[in-house]
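Notes for the one structure printed next.
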Amino acid sequence: MVRTKRHAAPAQQELFKPRGGKRPGAGRPCKQGRASEKHYKREKLAARYPVHVNIRVEKAIGQLRRRRAYQAFRRALRTSLAHIDFAVIHFSIQREHVHLIVEAHDEVALAKGMQGLQIAAARYLNGAVSIERGTSRRGRVFVDRYHAHILKTPREVRNALNYVLNNWRHHREDRGIESMFWEIDPFSTARSFGGWHDLADPDTPRDDLEGLEPLPCAASQTWLLNVGWQRHGLIRVGHVPGPELE
């Protein structure tokens, strides 16, 4: 009898690499610096509640408290005035981020309004950087998603107003020689705010800063922003907000 040699059955090759599991390099790449905003589902929003919004920019854009960046945001804010269901009421520009207090009919209007504002601001900021550096800049401007906090009580609204309009003092932007004579932040809507307790000169900061025309924001429509917050007192010019809203 002739014996034949048996051969092992050929192994089936994998067409696709398995996904998931613990292995080197798995998952979303880590970002440098601060953690990005978590992608949770946005909270339902009623039109009677204002919203405090915070957005950060890429380091490549440079610090924002300069004339060309200010003008870029000013042009972007003009585009938001066309919305009927979304409005920016107050705005504050810091070095690497901006604060807004906005009103929107619902969470969908908030999302669309912020999307339009960020698209316009990104276009104008990239244009400003291109002019300053002499080379065309394109690409991402804002770091991931914006952070939004719905303000539901008069105290929350007052704390948010104080935090946004006096935020420059928290970051010590009022300590420089150039700004030592300013009572309120020129890189914000502080000059159009009528709720100061002890503002000595309503025209400050003076117009010696060429090119810093007032930021075009809308008038508030909610009771909380018009009347309700004043139950807890007007806001002092020299108050330094803490690291977080109380």
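So you can find residues: chains in the structure tokens are A, B, ... in the order shown, residues in each start at 1, and ligands are numbered from 1 in order.
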Using only C-alpha atoms, which residues sit within 8 Å of A:Ala109 once same-chain residues fewer than 4 positions away are excluded, as a list in words?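 Result of the neighbour search: Asp85, Phe86, Ala104, His105 and Gly113 of chain A.
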Would you please give, as a ChimeraX atom specification, all residues of stretch 36-178 of chain A that DSSP assigns to alpha helix (DSSP H) based on the backbone? /A:67-80,107-133,154-165,167-170
Residue neighbourhood stretch 65-80 of chain A, 7 Å, only C-alpha atoms, exclusion window fewer than 5 positions, as a PyMOL selection string: chain A and resi 87+93-95+117+120-121+124-125+128+187+211-212+215-217
List as a PDB file with C-alpha atoms, in the first residue's frame the protein and nucleic acid residues near stretch 135-150 of chain A, meaning an atom at most 6 Å away when only C-alpha atoms are counted, but skip any in the same chain fewer than 6 places from it.
ATOM      1  CA  GLU A  37     -14.832  69.482  24.909  1.00  0.00           C
ATOM      2  CA  VAL A  51     -26.607  80.888  27.467  1.00  0.00           C
ATOM      3  CA  HIS A  52     -22.969  81.461  28.453  1.00  0.00           C
ATOM      4  CA  VAL A  53     -20.693  80.155  25.673  1.00  0.00           C
ATOM      5  CA  ASN A  54     -16.927  79.718  25.659  1.00  0.00           C
ATOM      6  CA  ILE A  55     -14.814  78.887  22.596  1.00  0.00           C
ATOM      7  CA  ARG A  56     -11.028  78.526  22.258  1.00  0.00           C
ATOM      8  CA  VAL A  57      -8.781  79.111  19.258  1.00  0.00           C
ATOM      9  CA  GLU A  58      -5.728  77.292  17.932  1.00  0.00           C
ATOM     10  CA  ALA A 122     -12.597  81.630  11.189  1.00  0.00           C
ATOM     11  CA  ASN A 126      -7.393  83.486   8.885  1.00  0.00           C
TER      12      ASN A 126
END
Nearest residue to A:Arg133 out of A:Ala219, A:Leu45, A:Leu224, A:Ile61, using only C-alpha atoms?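 Result for the nearest residue to A:Arg133: A:Ile61.
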Among the residues A:Trp168, A:Leu151, A:Glu96, A:Val102, the one that comes closest to A:Ala60 [using only C-alpha atoms]: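 Result for the nearest residue to A:Ala60: A:Glu96.
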Per-residue nearest contacts of stretch 102-183 of chain A to stretch 192-200 of chain A (12 Å; only C-alpha atoms) as CSV:
residue,atom,partner,partner_atom,distance
A:Arg158,CA,A:Gly195,CA,9.9
A:Leu161,CA,A:Gly195,CA,9.4
A:Asn162,CA,A:Trp196,CA,9.7
A:Val164,CA,A:Phe193,CA,11.5
A:Leu165,CA,A:Phe193,CA,8.8
A:Asn166,CA,A:Trp196,CA,10.9
A:Phe181,CA,A:Ala200,CA,11.9
A:Trp182,CA,A:Ala200,CA,10.7
A:Glu183,CA,A:Leu199,CA,7.3
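Computed from the coordinates, the atom CA of A:Phe91 to atom CA of A:Ala190 distance equals 8.4 Å.
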To one decimal place, how far is atom CA of A:Leu225 from atom CA of A:Pro50 in Å? 7.3 Å
